[in-house]
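Student: Just model.pdb, nothing more (PDB, C-alpha atoms):
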```
ATOM      1  CA  MET A   1     134.545  22.943-100.794
ATOM      2  CA  THR A   2     135.309  19.209-101.090
ATOM      3  CA  TYR A   3     133.986  18.635 -97.565
ATOM      4  CA  LEU A   4     130.750  20.387 -98.476
ATOM      5  CA  ILE A   5     130.251  18.152-101.544
ATOM      6  CA  ILE A   6     130.919  15.003 -99.473
ATOM      7  CA  PHE A   7     128.535  16.202 -96.743
ATOM      8  CA  VAL A   8     125.707  16.931 -99.231
ATOM      9  CA  THR A   9     126.260  13.551-100.957
ATOM     10  CA  VAL A  10     126.104  11.623 -97.659
ATOM     11  CA  LEU A  11     123.026  13.587 -96.590
ATOM     12  CA  SER A  12     121.310  12.846 -99.928
ATOM     13  CA  VAL A  13     122.056   9.120 -99.669
ATOM     14  CA  LEU A  14     120.679   9.012 -96.106
ATOM     15  CA  ASN A  15     117.572  10.868 -97.259
ATOM     16  CA  LEU A  16     117.097   8.405-100.131
ATOM     17  CA  LEU A  17     117.429   5.409 -97.764
ATOM     18  CA  LEU A  18     114.912   6.953 -95.384
ATOM     19  CA  VAL A  19     112.396   7.523 -98.203
ATOM     20  CA  LEU A  20     112.824   3.951 -99.477
ATOM     21  CA  ALA A  21     112.303   2.555 -95.970
ATOM     22  CA  LEU A  22     109.161   4.654 -95.577
ATOM     23  CA  ILE A  23     107.785   3.441 -98.924
ATOM     24  CA  ALA A  24     108.488  -0.188 -97.976
ATOM     25  CA  ARG A  25     106.712   0.310 -94.652
ATOM     26  CA  LEU A  26     103.658   1.895 -96.293
ATOM     27  CA  ARG A  27     103.439  -0.945 -98.807
ATOM     28  CA  GLY A  28     103.538  -3.481 -95.996
ATOM     29  CA  GLY A  29     107.053  -4.626 -96.719
ATOM     30  CA  GLY A  30     108.391  -3.476 -93.360
ATOM     31  CA  ASP A  31     108.119  -5.358 -90.125
ATOM     32  CA  ALA A  32     104.750  -5.774 -88.435
ATOM     33  CA  ARG A  33     105.488  -3.634 -85.354
ATOM     34  CA  GLY A  34     102.700  -1.091 -85.094
ATOM     35  CA  ALA A  35     101.045  -2.308 -88.277
ATOM     36  CA  GLY A  36      97.845  -3.469 -86.527
ATOM     37  CA  PRO A  37      96.479  -6.946 -85.987
ATOM     38  CA  ALA A  38      97.480  -9.826 -88.188
ATOM     39  CA  PRO A  39      94.818 -10.647 -90.819
ATOM     40  CA  GLU A  40      93.664 -13.783 -88.974
ATOM     41  CA  HIS A  41      92.929 -11.628 -85.905
ATOM     42  CA  ILE A  42      90.865  -8.945 -87.622
ATOM     43  CA  PRO A  43      87.303  -9.258 -86.309
ATOM     44  CA  LEU A  44      84.555  -9.926 -88.823
ATOM     45  CA  PRO A  45      82.021  -7.117 -89.237
ATOM     46  CA  VAL A  46      79.182  -9.439 -88.151
ATOM     47  CA  LEU A  47      77.728 -10.839 -84.940
ATOM     48  CA  PRO A  48      79.156 -14.287 -84.190
ATOM     49  CA  PRO A  49      77.132 -17.516 -84.054
ATOM     50  CA  ARG A  50      75.228 -18.312 -80.847
ATOM     51  CA  THR A  51      74.273 -14.660 -80.354
ATOM     52  CA  THR A  52      70.845 -13.149 -80.832
ATOM     53  CA  PRO A  53      70.248  -9.947 -82.772
ATOM     54  CA  ALA A  54      68.352  -7.190 -81.007
ATOM     55  CA  PRO A  55      64.609  -6.940 -81.683
ATOM     56  CA  PHE A  56      63.691  -4.779 -84.666
ATOM     57  CA  THR A  57      60.806  -3.799 -86.884
ATOM     58  CA  ALA A  58      61.160  -2.470 -90.397
ATOM     59  CA  THR A  59      58.972  -1.880 -93.405
ATOM     60  CA  THR A  60      59.665  -3.686 -96.672
ATOM     61  CA  ARG A  61      59.560  -1.881 -99.975
ATOM     62  CA  ASP A  62      56.145  -3.539-100.485
ATOM     63  CA  GLY A  63      54.830  -1.857 -97.311
ATOM     64  CA  GLU A  64      54.886  -4.996 -95.140
ATOM     65  CA  VAL A  65      56.052  -4.588 -91.521
ATOM     66  CA  VAL A  66      58.635  -7.250 -90.613
ATOM     67  CA  ASP A  67      60.441  -8.254 -87.457
ATOM     68  CA  ALA A  68      62.844 -11.066 -86.615
ATOM     69  CA  GLY A  69      60.040 -13.598 -86.199
ATOM     70  CA  GLY A  70      60.220 -16.291 -88.849
ATOM     71  CA  ILE A  71      63.313 -14.840 -90.526
ATOM     72  CA  ARG A  72      65.888 -17.545 -91.256
ATOM     73  CA  LEU A  73      68.337 -15.781 -93.559
ATOM     74  CA  VAL A  74      69.419 -12.135 -93.664
ATOM     75  CA  GLY A  75      71.719 -10.450 -96.172
ATOM     76  CA  PHE A  76      72.979  -6.862 -96.127
ATOM     77  CA  PHE A  77      73.972  -5.162 -99.390
ATOM     78  CA  SER A  78      74.739  -1.749-100.853
ATOM     79  CA  PRO A  79      75.271  -0.667-104.456
ATOM     80  CA  ALA A  80      78.311   1.288-103.210
ATOM     81  CA  CYS A  81      79.925  -1.996-102.094
ATOM     82  CA  SER A  82      81.722  -3.849-104.905
ATOM     83  CA  LEU A  83      81.856  -7.111-102.928
ATOM     84  CA  CYS A  84      78.086  -6.964-102.394
ATOM     85  CA  GLY A  85      77.416  -7.356-106.108
ATOM     86  CA  GLU A  86      79.913 -10.207-106.300
ATOM     87  CA  ARG A  87      78.342 -12.051-103.361
ATOM     88  CA  LEU A  88      74.690 -11.651-104.406
ATOM     89  CA  PRO A  89      74.680 -14.658-106.789
ATOM     90  CA  GLY A  90      76.097 -16.788-103.964
ATOM     91  CA  LEU A  91      73.257 -15.752-101.684
ATOM     92  CA  LEU A  92      70.652 -16.487-104.349
ATOM     93  CA  ASP A  93      72.202 -19.925-104.843
ATOM     94  CA  TYR A  94      72.207 -20.505-101.066
ATOM     95  CA  VAL A  95      68.505 -19.575-100.931
ATOM     96  CA  ARG A  96      67.762 -22.013-103.762
ATOM     97  CA  ARG A  97      69.808 -24.872-102.276
ATOM     98  CA  GLY A  98      68.367 -24.306 -98.788
ATOM     99  CA  ARG A  99      64.818 -24.231-100.159
ATOM    100  CA  PHE A 100      64.021 -21.073 -98.248
ATOM    101  CA  ARG A 101      60.603 -19.528 -98.682
ATOM    102  CA  ARG A 102      60.611 -15.863 -99.664
ATOM    103  CA  ASP A 103      59.108 -14.852 -96.303
ATOM    104  CA  GLU A 104      62.066 -16.493 -94.485
ATOM    105  CA  VAL A 105      64.668 -14.359 -96.277
ATOM    106  CA  LEU A 106      65.310 -10.691 -95.562
ATOM    107  CA  ALA A 107      67.522  -8.541 -97.779
ATOM    108  CA  VAL A 108      68.538  -5.218 -96.285
ATOM    109  CA  LEU A 109      69.703  -2.756 -98.925
ATOM    110  CA  ILE A 110      71.606   0.342 -97.866
ATOM    111  CA  GLY A 111      70.967   3.378-100.058
ATOM    112  CA  THR A 112      68.164   5.452-101.507
ATOM    113  CA  PRO A 113      65.363   3.656-103.358
ATOM    114  CA  GLY A 114      66.810   4.872-106.658
ATOM    115  CA  GLU A 115      70.317   3.663-105.788
ATOM    116  CA  VAL A 116      69.183   0.189-104.732
ATOM    117  CA  ALA A 117      66.543  -0.385-107.443
ATOM    118  CA  GLU A 118      68.711  -2.783-109.476
ATOM    119  CA  LEU A 119      69.734  -4.796-106.399
ATOM    120  CA  ALA A 120      66.112  -4.915-105.238
ATOM    121  CA  ALA A 121      64.985  -6.209-108.632
ATOM    122  CA  ARG A 122      67.612  -8.972-108.555
ATOM    123  CA  ILE A 123      66.933 -10.183-105.017
ATOM    124  CA  GLY A 124      63.234  -9.275-104.705
ATOM    125  CA  PRO A 125      61.891 -12.582-106.079
ATOM    126  CA  ALA A 126      63.853 -14.521-103.417
ATOM    127  CA  ALA A 127      63.552 -12.219-100.386
ATOM    128  CA  ARG A 128      61.566  -9.530 -98.677
ATOM    129  CA  VAL A 129      63.471  -6.282 -99.215
ATOM    130  CA  VAL A 130      64.009  -3.560 -96.618
ATOM    131  CA  ILE A 131      65.663  -0.352 -97.739
ATOM    132  CA  GLU A 132      67.654   1.555 -95.137
ATOM    133  CA  GLU A 133      68.733   4.835 -96.669
ATOM    134  CA  GLU A 134      71.634   5.225 -94.258
ATOM    135  CA  PRO A 135      73.789   2.754 -92.368
ATOM    136  CA  GLU A 136      72.731   2.490 -88.739
ATOM    137  CA  GLY A 137      69.077   1.858 -89.617
ATOM    138  CA  PRO A 138      67.002  -0.384 -87.311
ATOM    139  CA  VAL A 139      67.955  -3.717 -88.883
ATOM    140  CA  TRP A 140      71.614  -2.679 -89.233
ATOM    141  CA  ARG A 141      71.710  -1.783 -85.517
ATOM    142  CA  ALA A 142      69.876  -4.966 -84.491
ATOM    143  CA  PHE A 143      72.593  -7.062 -86.101
ATOM    144  CA  GLY A 144      75.449  -4.864 -84.817
ATOM    145  CA  LEU A 145      76.840  -4.516 -88.310
ATOM    146  CA  ARG A 146      80.301  -3.019 -88.869
ATOM    147  CA  GLY A 147      80.682  -3.599 -92.609
ATOM    148  CA  LEU A 148      79.250  -4.964 -95.841
ATOM    149  CA  PRO A 149      78.356  -7.420 -97.197
ATOM    150  CA  ALA A 150      77.072  -9.460 -94.263
ATOM    151  CA  PHE A 151      75.052 -12.664 -94.049
ATOM    152  CA  TYR A 152      73.274 -14.392 -91.165
ATOM    153  CA  LEU A 153      71.595 -17.759 -90.824
ATOM    154  CA  LEU A 154      69.156 -17.871 -87.900
ATOM    155  CA  ASP A 155      67.650 -20.887 -86.179
ATOM    156  CA  GLU A 156      63.959 -21.247 -85.266
ATOM    157  CA  ARG A 157      64.557 -19.314 -82.003
ATOM    158  CA  GLY A 158      66.156 -16.361 -83.824
ATOM    159  CA  VAL A 159      69.676 -17.231 -82.632
ATOM    160  CA  ILE A 160      72.462 -16.791 -85.169
ATOM    161  CA  SER A 161      73.679 -20.214 -86.271
ATOM    162  CA  GLY A 162      76.060 -18.872 -88.901
ATOM    163  CA  SER A 163      77.395 -15.510 -90.025
ATOM    164  CA  GLY A 164      80.000 -14.113 -92.339
ATOM    165  CA  THR A 165      80.855 -11.808 -95.183
ATOM    166  CA  GLU A 166      80.054 -14.374 -97.838
ATOM    167  CA  PRO A 167      77.253 -16.922 -98.179
ATOM    168  CA  ALA A 168      79.784 -19.757 -98.540
ATOM    169  CA  ALA A 169      80.772 -19.150 -94.889
ATOM    170  CA  LEU A 170      77.279 -20.081 -93.705
ATOM    171  CA  PRO A 171      76.547 -23.645 -92.606
ATOM    172  CA  ALA A 172      74.271 -25.788 -94.732
ATOM    173  CA  ALA A 173      70.695 -24.768 -94.095
ATOM    174  CA  GLU A 174      68.555 -27.355 -92.355
ATOM    175  CA  PRO A 175      64.777 -27.339 -92.684
ATOM    176  CA  VAL A 176      62.955 -25.921 -89.670
TER
END
```
Have the structure of the file written as structure tokens, please.
Tutor:
Amino acid sequence: MTYLIIFVTVLSVLNLLLVLALIARLRGGGDARGAGPAPEHIPLPVLPPRTTPAPFTATTRDGEVVDAGGIRLVGFFSPACSLCGERLPGLLDYVRRGRFRRDEVLAVLIGTPGEVAELAARIGPAARVVIEEEPEGPVWRAFGLRGLPAFYLLDERGVISGSGTEPAALPAAEPV
């Protein structure tokens, strides 16, 4: 009987150690083997500078057909994205500091018209607004997007001169 008690005690301690090691691994406290790429190696969800987005056409919420011609700044947002709401004031400030005209700025909002109404009202005075009800719409695909929020600064040829997940990552805008 004593051997059985010792065996169950040792087995319980081993089980407890295994569970604690598993919890530490899940929380990121374990070693990095098999844990995926280090944070500095995780690719951004945007096209890199010196690339050109694919051609696209889309219709703004005002009924205007737009393409990449003349667009200098593009921002992608969704009301389902908490970072999008946090980054919107930064984009509006970037637009103001860069002295962009409204027709040079395109805001692509992901969601139904009802879901994006508040975002559209906030950014509408500074940008033309395209609503794509689902990810993978024409503008989303043209920019090869893999996540939100996303921001692009384009040069006069339509080549990306800056991109990132926050407006602060974009280079200072130069007049065209």
Student: Between CA of Phe143 (chain A) and CA of Gly75 (chain A), what is the distance, to one decimal in Å?
Tutor: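 One can read the CA of Phe143 (chain A) to CA of Gly75 (chain A) distance as 10.7 Å.
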Student: Given the choices A:Ile160, A:Val108, A:Gly85, A:Gly114, which gets closest to Glu136 (chain A) if the distance is worked out from only C-alpha atoms?
Tutor: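 Among the listed residues, the smallest separation from Glu136 (chain A) belongs to A:Val108.
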Student: Choose the residue, out of A:Gly162, A:Gly90, A:Gly137, A:Gly124, that has the smallest atom-to-atom separation from Arg72 (chain A); count only C-alpha atoms.
Tutor: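 Smallest separation from Arg72 (chain A) among the options: A:Gly162.
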Student: Can you pull out the residues contacting Ala107 (chain A)? Cut-off 12 Å, using only C-alpha atoms, and skip same-chain residues under 2 positions away; I want them as a ChimeraX atom specification.
Tutor: /A:58-61,66,71-78,84,88,91-92,95,102-105,109-110,116,119-132,139-140,149-152
Student: From the set A:Pro135, A:Gly69, A:Pro55, A:Gly144, which residue has the shortest atom-to-atom contact distance to Leu106 (chain A), counting all atoms listed in the file?
Tutor: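 For Leu106 (chain A), the nearest of the candidates is A:Gly69.
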Student: Rounded to one decimal, what separation in Å do you get between CA of Thr57 (chain A) and CA of Leu148 (chain A)?
Tutor: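 Here the two named atoms are 20.5 Å from each other.
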Student: Ranking A:Ser163, A:Thr9, A:Asn15, A:Thr2 by minimum distance to Pro49 (chain A) and counting only C-alpha atoms, which one comes first?
Tutor: A:Ser163
Student: Just to confirm, what's the straight-line distance from CA of Gly70 (chain A) to CA of Glu156 (chain A) in Å (one decimal)?
Tutor: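 The value is 7.2 Å.
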Student: Translate the PyMOL selection byres ((chain A and resi 45-47) around 6) into a concrete residue list for this structure, as a PyMOL selection string.
Tutor: chain A and resi 44+48+145-147
Student: Could you pull the residues within 9 Å of Val159 (chain A), counting only C-alpha atoms, minus those fewer than 4 positions along the same chain, as an mmCIF file with C-alpha atoms, keeping the file's coordinate frame?
Tutor:
```
data_model
loop_
_atom_site.group_PDB
_atom_site.id
_atom_site.type_symbol
_atom_site.label_atom_id
_atom_site.label_comp_id
_atom_site.auth_asym_id
_atom_site.auth_seq_id
_atom_site.Cartn_x
_atom_site.Cartn_y
_atom_site.Cartn_z
ATOM 1 C CA PRO A 49 77.132 -17.516 -84.054
ATOM 2 C CA ARG A 50 75.228 -18.312 -80.847
ATOM 3 C CA THR A 51 74.273 -14.660 -80.354
ATOM 4 C CA THR A 52 70.845 -13.149 -80.832
ATOM 5 C CA PRO A 53 70.248 -9.947 -82.772
ATOM 6 C CA LEU A 153 71.595 -17.759 -90.824
ATOM 7 C CA LEU A 154 69.156 -17.871 -87.900
ATOM 8 C CA ASP A 155 67.650 -20.887 -86.179
#
```
Student: From the list A:Phe100, A:Glu118, A:Leu11, A:Arg87, which residue is nearest Gly164 (chain A) when using only C-alpha atoms?
Tutor: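 Distance minimum relative to Gly164 (chain A) lands on A:Arg87.
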Student: Of the candidates A:Ala173, A:Ala24, A:Ala80, A:Ala54, which one gets nearest to Ala68 (chain A) if we count only C-alpha atoms?
Tutor: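 Closest candidate: A:Ala54.
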Student: Box time for region 110-118 of chain A: axis-aligned, enclosing all its listed atoms, 6 Å extra on each side; report centre and edge lengths in Å to one decimal, as lines of an AutoDock Vina configuration file.
Tutor:
```
center_x = 68.5
center_y = 1.3
center_z = -103.7
size_x = 18.2
size_y = 20.2
size_z = 23.6
```
